Amino acid sequence: MATTRPASHSARFDDFEVNFSTGQLNRSGVHIPLQDQPFQILRLLLEAAPELVTREQIGTALWSSDTFVDFELGTNTAVRKLRHALQDSVENPKYVQTLAKRGYRFIAPVQWIANPQSSEFSPLLEGPVLVTDRGPSAAKKTGARNLKVAGLIVAALLVVVAIVRAAIPATPKEELTAVPLTTLQGNAGLPSFSPDGEQVVFVWDKKNGHPAQMFIQSVHGSSEAVQLTHLEDSWLYVPPVWSPDGRWIAYERYNPKWEGTERVFEIVLIPAPMGGHEVVVDRLGDCCDGVTWSPDSKFLVYHDKENPQDAVGLFMLDRDTLQRRRLTTPPKGTSQFLGDVNPVFNGDGSRLAFWRMPIVGVNEILVLNVQTGELHTIVHESSSPPDFGTLAWDVTGKSILFVSDRSGIKRLWRVAENGGKPEALMVGEDATSVAISERGHRLAFTRAIHDYNIWKISIDPSGIETRTPLIASSRQDHQAVLSPDETKIAFNSDRSGFEEIWVSKSDGSDAVQLTHFNTHATGSPTWSPDSQRIVFDSRVAGQGDLYLVGLDGANPKRIVDGGFDNADPAWSVDGKWIYFTSNRLGEHQIFKTPSGGGAPLQVTLHGGAWPLRADDQRIYYLKAGTFSAQLWQKSLPDGEESRVAGAPEIPASLIVRGTDAGVYFTGGDGTCHLRFFDFSTQQVRELSQLAPRLGPGLSVSKDGRSILYSQEDSASSNIMLVENFR
């Protein structure tokens with residue numbers, strides 16, 4: 001019996017079923033969420049199985065010819081999402097096999113199921129196809145007629161396409177190739193070129209966990225890296241930057257001798273290229289996120305704050321007089337942990353580009369006219385906070401390169417100096433910093449791979465600990481929260497390409513994606529007391545809003561918005577209220593809203609953030625300083641606000657979790673010990689020692705015998721070099 005694939009059809013493979021009429025993917029009768037582009041790729045693969053589907057065919061099917069996108073990035077992201085939905089592996093594929101530099105093919109057996117209500121036309125083939133056998137002669141005649149018609153249509157379409165393509169002038173792009181400049185163990189990165197572009201100064205920790213030092217290496221790889229610093233009692237914080245006159249390298253370090261003061265960071269100059277006597281030119285009240293030299297090497301620009309509670313702004317320092325002046329002031333209401341960072345001058349020093357972080361998860365690139373003070377926003381996006389050294393002017397001075405995960409993974413982008421739509425570079429995937437040599441026409445970037453996973457510590461009655469990986473992928477998994485009934489775990493993951501909320505069983509199995517915002521800075525999941533709903537914050541609308549979602553993931557409901565930064569939600573014990581942090585009055589305070597939504601009500605009057613626990617009598621929350629936070633309380637509804645007696649300083653890493661009995665938190669002494677402050681005894685107990693490289697999130701079972709946390713399981717970075725960059 002001859003059969004082909006009808007228009008309204010379904011396909012089966014293993015325990016999956018794909019319904020192309022409804023656009024649904026089901027597994028054993030359970031709906032598997034899958035976005036449109038991954039779904040279309042699945043359709044192409046199934047239609048062609050077991051033959052190859054080229055990357056060009058995928059690009060043509062997903063994007064029209066007048067759509068300007070990064071086809072490589074878009075295809076990679078869509079295929080990754082498809083594999084995740086199928087729980088398939090790149091290394092050992094069961095369904096989707098990659099054929100290097102060619103495309104993909106579907107390798108599992110496929111069973112096609114005709115839908116008798118469908119028409120006999122396939123949207124993909126755009127022509128009539130044979131559905132069932134109508135008898136020997138009828139089948140032959142119909143098949144021949146259909147093939148002939150289809151052939152004529154295809155031939156006509158090919159002619160039209162050829163004519164259209166011939167009429168479009170070719171605009172070939174120069175091929176860019178990135179090759180490793182360093183291949184060192186551990187983490188090497190944060191490069192800066194010498195003025196002639198022949199050498200690079202960079203940071204290397206030799207092996208993970210070792211203090212980072214500065215090194216210099218030729219871009220030609222003709223010699224080994226030469227160590228420039230030998231820091232023992234202090235450590236590097238930001239990328240070193242070579243002065244345009246070639247005499248100095250500026251960097252920032254933390255100096256513990258200033259501990260106990262408000263200014264423990266230093267801007268330091270070291271002679272280039274061989275090192276020597278260092279000069280401290282300024283002390284800062286906040287760790288800096290980038291230093292830049294003016295083209296004449298007379299001025300340095302970096303971020304700082306004048307008061308601990310201020311947001312960070314940009315300051316310009318005269319190298320000769322050591323006098324400085326403020327260049328930028330972030331908008332009112334910007335958190336003390338946010339503001340203006342990563343400054344970089346253009347070639348003639350007339351303009352200064354920098355990142356502005358008005359709220360968590362929203363980042364902007366601004367350009368400052370140094371003479372007039374005029375500001376111009378050229379990029380506004382939802383993305384993760386920028387790392388060190390993530391901005392650079394290109395060699396022409398007419399566009400800016402930047403690092404962003406706006407598309408789901410970190411990579412290099414370019415945007416015109418006056419704004420417009422950013423374009424992804426042909427190179428730069430997994431980039432975390434960028435540097436340009438104008439004279440050498442070279443581009444360097446740090447390529448970094450970090451994998452955070454969720455681990456569990458189980459403690460038996462005798463106190464013996466067992467550590468096991470609980471939730472893991474090749475992407476970032478963190479912020480695990482055990483449900484009150486201890487049957488489920490909510491967590492954050494970017495395994496679908498963006499930070500989204502996921503839920504699994506308590507043993508980490510059957511992970512299901514709840515949100516599909518396709519934007520960054522969705523997180524802080526918190527369970528309702530009945531374990532049926534989750535409240536979280538997201539910047540999908542451009543500012544911090546609070547959302548509620550059920551376990552089916554359907555239609556997350558926004559319950560707090562209003563154009564302010566609303567974040568870090570926490571349920572009251574009785575489930576009637578949701579407490580959260582907001583800057584809606586110009587500074588961060590604790591507010592609450594009915595759990596079903598409603599007008600926010602102010603709770604604290606004298607500052608506060610991160611509500612930890614609240615019942616009908618008292619709320620516990622944090623007040624953040626520059627390097628640590630303090631535990632505070634307020635009697636409800638209108639009692640006094642006071643610091644909790646006996647409570648220790650909580651490190652600024654803010655790996656903390658409030659419970660009915662007290663507060664769990666990690667130590668800031670480098671040991672990553674888990675500690676517990678008991679509300680009743682006002683004493684601190686030492687508990688388990690966690691991983692040396694912790695990620696966000698902490699959750700503890702009611703009996704204290706199960707601890708969930710995230711840790712960095714692998715990390716490596718090296719510097720990539722691109723020659724002839726224009």
# chains A, B, ... in the order shown; residues from 1 in each chain; ligands from 1
call {"tool": "residues_around", "arguments": {"residues": "His520 in chain A", "least_positions_apart": "6", "cutoff": "8 Å", "atoms": "only C-alpha atoms", "output": "list of chain:residue names"}}
result
A:Gly361, A:Ser382, A:Ser383, A:Ser384, A:Arg406, A:Gly408, A:Phe498, A:Glu499, A:Glu500, A:Ser538, A:Arg539, A:Val540
call {"tool": "write_last_selection", "arguments": {"atoms": "N, CA and C atoms", "output": "CSV table (one decimal), in the first residue's frame"}}
result
chain,number,residue,atom,x,y,z
A,361,GLY,N,18.5,43.0,35.9
A,361,GLY,CA,17.9,42.4,34.7
A,361,GLY,C,17.7,43.3,33.5
A,382,SER,N,17.0,43.4,28.1
A,382,SER,CA,16.8,42.5,29.2
A,382,SER,C,17.9,41.5,29.1
A,383,SER,N,18.8,41.4,30.1
A,383,SER,CA,20.0,40.5,30.0
A,383,SER,C,20.6,40.4,31.4
A,384,SER,N,21.5,39.5,31.5
A,384,SER,CA,22.2,39.3,32.8
A,384,SER,C,23.1,40.5,33.0
A,406,ARG,N,21.6,38.5,25.5
A,406,ARG,CA,20.3,38.9,25.1
A,406,ARG,C,19.6,37.9,24.3
A,408,GLY,N,20.1,34.5,24.7
A,408,GLY,CA,20.1,33.3,25.4
A,408,GLY,C,21.5,32.8,25.9
A,498,PHE,N,17.1,30.7,28.1
A,498,PHE,CA,16.9,31.9,28.9
A,498,PHE,C,16.6,31.4,30.3
A,499,GLU,N,16.8,32.3,31.3
A,499,GLU,CA,16.5,32.0,32.7
A,499,GLU,C,15.0,31.9,32.8
A,500,GLU,N,14.6,30.7,33.2
A,500,GLU,CA,13.1,30.4,33.4
A,500,GLU,C,12.9,29.7,34.7
A,538,SER,N,10.3,38.9,37.6
A,538,SER,CA,10.7,38.8,36.2
A,538,SER,C,10.8,40.2,35.6
A,539,ARG,N,11.7,40.4,34.7
A,539,ARG,CA,11.8,41.7,34.0
A,539,ARG,C,11.3,41.6,32.5
A,540,VAL,N,10.4,40.7,32.3
A,540,VAL,CA,9.9,40.5,30.9
A,540,VAL,C,9.3,41.8,30.4
call {"tool": "residues_around", "arguments": {"residues": "Val403 in chain A", "least_positions_apart": "2", "cutoff": "9 Å", "atoms": "only C-alpha atoms", "output": "ChimeraX atom specification"}}
result
/A:386-387,389-391,401,405,410-414,428,431-434
call {"tool": "write_last_selection", "arguments": {"atoms": "C-alpha atoms", "output": "compact mmCIF listing (two decimals), in the first residue's frame"}}
result
# COMPACT_ATOMS: atom_id res chain seq x y z
CA PRO A 386 27.44 42.85 32.47
CA ASP A 387 30.77 41.32 33.44
CA GLY A 389 35.45 44.50 30.26
CA THR A 390 32.31 43.97 28.21
CA LEU A 391 32.44 47.13 26.05
CA LEU A 401 31.12 45.98 20.54
CA ASP A 405 23.27 37.11 26.62
CA LYS A 410 26.69 35.19 25.97
CA ARG A 411 28.32 36.35 22.76
CA LEU A 412 29.67 39.43 20.99
CA TRP A 413 27.36 42.02 19.45
CA ARG A 414 27.87 45.25 17.51
CA GLY A 428 32.36 35.47 19.94
CA ALA A 431 32.40 35.54 25.24
CA THR A 432 32.64 37.28 28.62
CA SER A 433 34.94 40.22 27.79
CA VAL A 434 36.22 42.01 24.70
call {"tool": "closest_residue", "arguments": {"among": "A:Gly553, A:Pro33, A:Pro180, A:Pro308", "to": "Ser628 in chain A", "atoms": "only C-alpha atoms"}}
result
A:Pro308
call {"tool": "residues_around", "arguments": {"residues": "Val90 in chain A", "least_positions_apart": "3", "cutoff": "12 Å", "atoms": "only C-alpha atoms", "output": "short mmCIF file (atom, residue, chain, number, x, y, z; two decimals) with C-alpha atoms, in the first residue's frame"}}
result
data_model
loop_
_atom_site.label_atom_id
_atom_site.label_comp_id
_atom_site.auth_asym_id
_atom_site.auth_seq_id
_atom_site.Cartn_x
_atom_site.Cartn_y
_atom_site.Cartn_z
CA ASN A 76 21.81 26.56 17.32
CA VAL A 79 18.01 22.94 17.98
CA ARG A 80 19.20 23.10 21.57
CA LYS A 81 15.63 23.76 22.75
CA LEU A 82 14.35 20.87 20.62
CA ARG A 83 16.93 18.50 22.09
CA HIS A 84 15.99 19.61 25.57
CA LEU A 86 13.15 15.47 23.65
CA GLN A 87 15.69 14.94 26.46
CA PRO A 93 21.84 11.22 20.17
CA LYS A 94 18.75 9.09 20.16
CA TYR A 95 16.70 11.35 17.89
CA VAL A 96 18.56 14.34 16.43
CA GLN A 97 22.01 13.66 15.01
CA THR A 98 24.37 16.50 14.11
CA LEU A 99 26.38 16.20 10.91
CA ALA A 100 29.24 18.66 11.42
CA TYR A 104 20.90 17.46 11.16
CA SER A 474 25.31 21.62 30.79
#
call {"tool": "closest_residue", "arguments": {"among": "A:Asn187, A:Ser335, A:Ser399, A:Gln479", "to": "Asp310 in chain A", "atoms": "only C-alpha atoms"}}
result
A:Ser335
call {"tool": "residues_around", "arguments": {"residues": "Arg467 in chain A", "least_positions_apart": "5", "cutoff": "12 Å", "atoms": "only C-alpha atoms", "output": "short mmCIF file (atom, residue, chain, number, x, y, z; two decimals) with C-alpha atoms, in the first residue's frame"}}
result
data_model
loop_
_atom_site.label_atom_id
_atom_site.label_comp_id
_atom_site.auth_asym_id
_atom_site.auth_seq_id
_atom_site.Cartn_x
_atom_site.Cartn_y
_atom_site.Cartn_z
CA ILE A 454 22.16 21.87 42.17
CA TRP A 455 23.50 19.51 44.85
CA LYS A 456 21.97 17.90 47.90
CA ILE A 457 23.48 17.15 51.29
CA SER A 458 21.67 14.39 53.18
CA ILE A 459 22.45 14.07 56.90
CA ASP A 460 21.59 10.82 58.66
CA SER A 688 28.01 21.81 56.86
CA GLN A 689 30.79 23.11 54.68
CA LEU A 690 29.47 23.75 51.19
CA ALA A 691 31.35 24.02 47.89
CA ARG A 705 18.66 16.94 57.25
CA SER A 706 18.39 17.88 53.57
CA ILE A 707 20.26 20.90 52.22
CA LEU A 708 19.96 22.08 48.62
CA TYR A 709 22.51 24.47 47.17
CA SER A 710 24.17 25.22 43.82
CA GLN A 711 27.84 24.98 43.01
#
call {"tool": "closest_atom_pairs", "arguments": {"of": "range 230-261 of chain A", "to": "range 211-222 of chain A", "cutoff": "7 Å", "atoms": "only C-alpha atoms", "output": "CSV"}}
result
residue,atom,partner,partner_atom,distance
A:His230,CA,A:Gln213,CA,6.5
A:Leu231,CA,A:Gln213,CA,6.8
A:Trp235,CA,A:Pro211,CA,6.6
A:Leu236,CA,A:Ala212,CA,6.4
call {"tool": "atom_distance", "arguments": {"atom1": "CA of Tyr547 in chain A", "atom2": "CA of Asp574 in chain A"}}
result
18.8 Å
call {"tool": "atom_distance", "arguments": {"atom1": "CA of Val656 in chain A", "atom2": "CA of Val573 in chain A"}}
result
17.9 Å
call {"tool": "residues_around", "arguments": {"residues": "Asp282 in chain A", "least_positions_apart": "2", "cutoff": "7 Å", "atoms": "only C-alpha atoms", "output": "VMD selection string"}}
result
chain A and resid 266 to 267 280 284
call {"tool": "closest_residue", "arguments": {"among": "A:Ile489, A:Val241, A:Ala272, A:Leu425", "to": "Val301 in chain A", "atoms": "only C-alpha atoms"}}
result
A:Val241
call {"tool": "select_by_dssp", "arguments": {"residues": "range 421-571 of chain A", "states": "strand (DSSP E)", "output": "number ranges by chain"}}
result
A: 423-424, 431-437, 442-459, 465-471, 477-482, 488-493, 500-505, 512-513, 523-527, 533-538, 545-550, 557-560, 566-571
call {"tool": "residues_around", "arguments": {"residues": "Asn566 in chain A", "least_positions_apart": "6", "cutoff": "9 Å", "atoms": "only C-alpha atoms", "output": "list in words"}}
result
Asp537, Ser538, Gln543, Gly544, Asp545, Leu546, Val560, Phe580, Thr581, Ser582, Asn583 and Arg584 of chain A
call {"tool": "write_last_selection", "arguments": {"atoms": "C-alpha atoms", "output": "PDB file, in the first residue's frame"}}
result
ATOM      1  CA  ASP A 537      10.058  38.094  39.848  1.00  0.00           C
ATOM      2  CA  SER A 538      10.748  38.800  36.187  1.00  0.00           C
ATOM      3  CA  GLN A 543      11.069  46.379  34.977  1.00  0.00           C
ATOM      4  CA  GLY A 544      10.860  44.117  37.997  1.00  0.00           C
ATOM      5  CA  ASP A 545       7.361  42.660  38.357  1.00  0.00           C
ATOM      6  CA  LEU A 546       5.953  39.854  40.498  1.00  0.00           C
ATOM      7  CA  VAL A 560       2.675  43.621  41.115  1.00  0.00           C
ATOM      8  CA  PHE A 580       8.664  41.938  48.491  1.00  0.00           C
ATOM      9  CA  THR A 581      11.285  44.635  47.952  1.00  0.00           C
ATOM     10  CA  SER A 582      10.466  47.719  45.897  1.00  0.00           C
ATOM     11  CA  ASN A 583      12.011  51.085  45.053  1.00  0.00           C
ATOM     12  CA  ARG A 584       8.652  52.676  44.260  1.00  0.00           C
TER      13      ARG A 584
END
call {"tool": "atom_distance", "arguments": {"atom1": "CA of Ile58 in chain A", "atom2": "CA of Met426 in chain A"}}
result
18.2 Å
call {"tool": "residues_around", "arguments": {"residues": "range 338-350 of chain A", "least_positions_apart": "2", "cutoff": "8 Å", "atoms": "only C-alpha atoms", "output": "PyMOL selection string"}}
result
chain A and resi 288-295+301-303+311-314+328-330+334-336+352-360+369-371+388-393+397
call {"tool": "closest_residue", "arguments": {"among": "A:Gln227, A:Ser699, A:Gln476, A:Gln309", "to": "Val203 in chain A", "atoms": "only C-alpha atoms"}}
result
A:Gln227
